[in-house]
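Trainee: Starting off with a structure, shown below.
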Amino acid sequence: MTKRADYKRVILIALRATARFLGSVLFLMIIMFAVGEGIPNPFALGFSETITFFSFVIMLAGLIIAWKLEGIGGLIVLGGYLMFAVVNPGSVSMNVVFIFPLTGILFIAYWWILEKQNRPRTDSQNGRQ
């Protein structure tokens, strides 16, 4: 039983570390673009560019929130990516952009496994009738 618990713990640590690493890289990359290119005025952009801008803001907010609230942050990241994908369907196939939903999925997977592990077991799950 201890080895199984150790494997679960290692998987949890690896999921969280990978999600946080990717989230940090994405966050820093977007911040570097914002500093280098300047933050655009969303009111001076066209409709699709404004939605794209706000989808990245939503994804960045999700990455920050996911450091404390993994499930909610991961869902916010996926929501922002969905908004981005609807407005820019051709850009979805780009590998760099795909890292956003991957990171969100990793945060959600971490949260899901942690919640499942910490959920109290009922008598029927323990094998009692």
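Chains: A, B, ... in order of the structure tokens. Residues: from 1 per chain. Ligands: from 1, in order shown.
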Neighbouring residues of range 32-38 of chain A were defined as those with any atom within 12 Å, considering only C-alpha atoms; residues of the same chain fewer than 4 positions away were excluded. Please report them as a list in words.
Mentor: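 So, after excluding close chain neighbours, the residues are Val25, Leu26, Phe27, Leu28, Pro42, Phe53, Phe56 and Val57 of chain A.
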Trainee: Can you write out the residues you just picked, keeping N, CA and C atoms, as a compact mmCIF listing (two decimals), in the first residue's frame?
Mentor:
```
# COMPACT_ATOMS: atom_id res chain seq x y z
N VAL A 25 6.51 29.70 -17.84
CA VAL A 25 7.12 30.01 -19.13
C VAL A 25 6.15 30.80 -20.01
N LEU A 26 4.89 30.36 -20.05
CA LEU A 26 3.89 31.07 -20.84
C LEU A 26 3.67 32.49 -20.32
N PHE A 27 3.57 32.61 -19.01
CA PHE A 27 3.37 33.92 -18.41
C PHE A 27 4.52 34.86 -18.77
N LEU A 28 5.74 34.39 -18.59
CA LEU A 28 6.90 35.22 -18.90
C LEU A 28 6.98 35.55 -20.38
N PRO A 42 -7.14 48.07 -26.41
CA PRO A 42 -8.18 47.18 -26.94
C PRO A 42 -9.33 47.92 -27.61
N PHE A 53 -7.06 39.63 -27.71
CA PHE A 53 -6.35 40.29 -26.61
C PHE A 53 -6.93 39.87 -25.26
N PHE A 56 -6.16 36.28 -24.18
CA PHE A 56 -4.83 36.12 -23.58
C PHE A 56 -4.81 36.66 -22.15
N VAL A 57 -5.52 37.75 -21.91
CA VAL A 57 -5.61 38.29 -20.55
C VAL A 57 -6.29 37.26 -19.64
```
Trainee: For Ala19 in chain A, please output as a count of residues only all residues within 6 Å (counting only C-alpha atoms; exclusion window: fewer than 2 positions along the same chain).
Mentor: 8
Trainee: Please identify all polymer residues within 12 Å of Trp111 in chain A, counting only C-alpha atoms, omitting same-chain residues fewer than 5 positions from it, and present them as an MDAnalysis selection string.
Mentor: chainID A and resid 11:13 15:16 19 66:75 104:106 116:119
Trainee: Rounded to one decimal in Å, what is the spacing between CA of Val96 in chain A and CA of Met83 in chain A?
Mentor: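 We find that CA of Val96 in chain A and CA of Met83 in chain A lie 16.5 Å from each other.
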Trainee: Hey, which of A:Lys8, A:Thr52, A:Val77, A:Val87 ends up closest to Ile64 in chain A? Count only C-alpha atoms.
Mentor: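 Selected residue with least distance to Ile64 in chain A: A:Val77.
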Trainee: If you run DSSP on the backbone here, which positions in chain A get helix (DSSP H, G or I)? Please write them as a ChimeraX atom specification.
Mentor: /A:2-37,42-44,47-65,70-87,89-93,95-118
Trainee: Smallest atom-to-atom distance to Gly80 in chain A: which of A:Phe98, A:Tyr110, A:Phe54, A:Tyr7, using only C-alpha atoms?
Mentor: A:Phe54
